[in-house]
Amino acid sequence: MPKLSLFSNDLPDYFIIDHTGDADIAKIETDEDRRNATFEWTGRIRIGETGQLRRAIEPLGFCLRIATFDNFRIHSKYFEGIRDPEVAKEVREDSTYVLQAAEIDPNQFSFRSVKFPDRFIRHRNYQLYAEPVRFPPELQSACFRIAAPLSVGF
């Protein structure tokens, strides 16, 4: 699985970061930030591939999940060891995305939800949501650039 970090196309100093429960975009200032902004993409880095964004640095076992109960906010969810098969299925469905060429900049990427195909991971007020995107500012906020992982280990 490729390790990577993702920075915002319109706010290039801001990276997707797991703030232990909530996923946001933030400036990277500390080693902990670098660890929290390093992910694995479980698919291939190819347009049309499906996969999950998972933490690549400890604590492991967390993925970026659409929290429908929180206005479609993106949460970091512990997925390993879920014993209830229905809950495991729901988490898997809520955290699977299709890698697409970003509409506003086809050289970059957007992550479209498989379960909610009209919704893309985007930032709003420095928080990540899964929302429909139609207008240039929304399209811009759903566009991310893949970078080398900010951290290689703990």
# chains A, B, ... in the order shown; residues from 1 in each chain; ligands from 1
>>> residues_around(residues="Ile28 in chain A", least_positions_apart="6", cutoff="9 Å", atoms="only C-alpha atoms", output="CSV table (one decimal) with C-alpha atoms, in the first residue's frame")
chain,number,residue,atom,x,y,z
A,13,ASP,CA,0.6,24.7,3.2
A,14,TYR,CA,-2.3,22.6,4.7
A,15,PHE,CA,-2.3,18.8,4.8
A,17,ILE,CA,-4.4,15.4,9.2
A,34,ARG,CA,3.9,14.8,10.4
A,37,ALA,CA,-0.7,13.5,8.3
>>> residues_around(residues="Trp41 in chain A", least_positions_apart="5", cutoff="8 Å", atoms="only C-alpha atoms", output="JSON, numbers by chain")
{"A": [1, 2, 3, 4, 51, 52, 53, 54]}
>>> write_last_selection(atoms="N, CA and C atoms", output="compact mmCIF listing (two decimals), in the first residue's frame")
# COMPACT_ATOMS: atom_id res chain seq x y z
N MET A 1 0.85 -1.18 0.00
CA MET A 1 0.00 0.00 0.00
C MET A 1 0.89 1.24 0.00
N PRO A 2 0.63 2.14 -0.93
CA PRO A 2 1.47 3.34 -0.97
C PRO A 2 1.23 4.26 0.23
N LYS A 3 2.33 4.71 0.82
CA LYS A 3 2.25 5.71 1.89
C LYS A 3 2.35 7.07 1.25
N LEU A 4 1.56 8.02 1.80
CA LEU A 4 1.50 9.34 1.20
C LEU A 4 1.01 10.36 2.20
N GLY A 51 -10.30 2.58 -2.76
CA GLY A 51 -9.48 2.26 -1.61
C GLY A 51 -9.91 3.06 -0.40
N GLN A 52 -9.12 2.91 0.64
CA GLN A 52 -9.34 3.64 1.88
C GLN A 52 -8.09 4.43 2.20
N LEU A 53 -8.28 5.53 2.91
CA LEU A 53 -7.16 6.28 3.47
C LEU A 53 -7.03 5.84 4.93
N ARG A 54 -5.91 5.19 5.24
CA ARG A 54 -5.66 4.66 6.58
C ARG A 54 -4.40 5.30 7.16
>>> closest_residue(among="A:Phe39, A:Tyr78, A:Phe116, A:Phe144", to="Pro12 in chain A", atoms="only C-alpha atoms")
A:Phe144
>>> select_by_dssp(residues="range 2-143 of chain A", states="helix (DSSP H, G or I)", output="number ranges by chain")
A: 31-36, 68-70, 85-94, 136-141
>>> atom_distance(atom1="CA of Phe69 in chain A", atom2="CA of Val91 in chain A")
12.6 Å
>>> residues_around(residues="Arg35 in chain A", least_positions_apart="4", cutoff="7 Å", atoms="only C-alpha atoms", output="MDAnalysis selection string")
chainID A and resid 31 57 150:151
>>> select_by_dssp(residues="range 11-120 of chain A", states="strand (DSSP E)", output="PyMOL selection string")
chain A and resi 14-19+22-27+39-41+50-51+53-55+62-67+73-78+97-101+109-113+120
>>> write_last_selection(atoms="C-alpha atoms", output="PDB file, in the first residue's frame")
ATOM      1  CA  TYR A  14      -2.307  22.626   4.659  1.00  0.00           C
ATOM      2  CA  PHE A  15      -2.333  18.834   4.777  1.00  0.00           C
ATOM      3  CA  ILE A  16      -5.035  16.310   5.596  1.00  0.00           C
ATOM      4  CA  ILE A  17      -4.414  15.365   9.214  1.00  0.00           C
ATOM      5  CA  ASP A  18      -5.968  12.935  11.674  1.00  0.00           C
ATOM      6  CA  HIS A  19      -6.588  14.809  14.908  1.00  0.00           C
ATOM      7  CA  ASP A  22     -11.638  14.252  13.520  1.00  0.00           C
ATOM      8  CA  ALA A  23      -9.973  14.703  10.150  1.00  0.00           C
ATOM      9  CA  ASP A  24      -9.014  18.244   9.224  1.00  0.00           C
ATOM     10  CA  ILE A  25      -6.541  20.187   7.134  1.00  0.00           C
ATOM     11  CA  ALA A  26      -3.799  21.936   9.041  1.00  0.00           C
ATOM     12  CA  LYS A  27      -0.317  23.368   8.773  1.00  0.00           C
ATOM     13  CA  PHE A  39      -1.576   7.771   5.367  1.00  0.00           C
ATOM     14  CA  GLU A  40      -1.745   4.619   3.302  1.00  0.00           C
ATOM     15  CA  TRP A  41      -3.995   4.443   0.255  1.00  0.00           C
ATOM     16  CA  THR A  50     -11.044   2.348  -5.033  1.00  0.00           C
ATOM     17  CA  GLY A  51      -9.478   2.262  -1.610  1.00  0.00           C
ATOM     18  CA  LEU A  53      -7.158   6.277   3.474  1.00  0.00           C
ATOM     19  CA  ARG A  54      -5.664   4.663   6.580  1.00  0.00           C
ATOM     20  CA  ARG A  55      -3.179   5.919   9.132  1.00  0.00           C
ATOM     21  CA  PHE A  62      -7.734   3.884  11.764  1.00  0.00           C
ATOM     22  CA  CYS A  63      -9.356   4.946   8.492  1.00  0.00           C
ATOM     23  CA  LEU A  64     -11.016   8.154   7.317  1.00  0.00           C
ATOM     24  CA  ARG A  65     -14.752   7.487   7.517  1.00  0.00           C
ATOM     25  CA  ILE A  66     -17.800   9.528   6.557  1.00  0.00           C
ATOM     26  CA  ALA A  67     -19.763  10.144   9.752  1.00  0.00           C
ATOM     27  CA  ARG A  73     -17.964  15.096   8.688  1.00  0.00           C
ATOM     28  CA  ILE A  74     -14.892  12.949   8.088  1.00  0.00           C
ATOM     29  CA  HIS A  75     -13.850  11.124  11.254  1.00  0.00           C
ATOM     30  CA  SER A  76     -10.928   8.872  11.994  1.00  0.00           C
ATOM     31  CA  LYS A  77     -12.448   5.507  12.879  1.00  0.00           C
ATOM     32  CA  TYR A  78     -10.774   2.473  14.415  1.00  0.00           C
ATOM     33  CA  TYR A  97     -13.448   6.139  -2.000  1.00  0.00           C
ATOM     34  CA  VAL A  98     -12.754   6.279  -5.728  1.00  0.00           C
ATOM     35  CA  LEU A  99      -9.627   8.174  -6.750  1.00  0.00           C
ATOM     36  CA  GLN A 100     -10.605  10.645  -9.466  1.00  0.00           C
ATOM     37  CA  ALA A 101      -8.888  13.339 -11.466  1.00  0.00           C
ATOM     38  CA  PHE A 109      -6.887  14.128  -7.242  1.00  0.00           C
ATOM     39  CA  SER A 110     -10.288  14.018  -5.601  1.00  0.00           C
ATOM     40  CA  PHE A 111     -11.714  11.259  -3.408  1.00  0.00           C
ATOM     41  CA  ARG A 112     -15.340  10.412  -4.263  1.00  0.00           C
ATOM     42  CA  SER A 113     -17.347   8.295  -1.848  1.00  0.00           C
ATOM     43  CA  PHE A 120     -16.303  14.116  -2.272  1.00  0.00           C
TER      44      PHE A 120
END
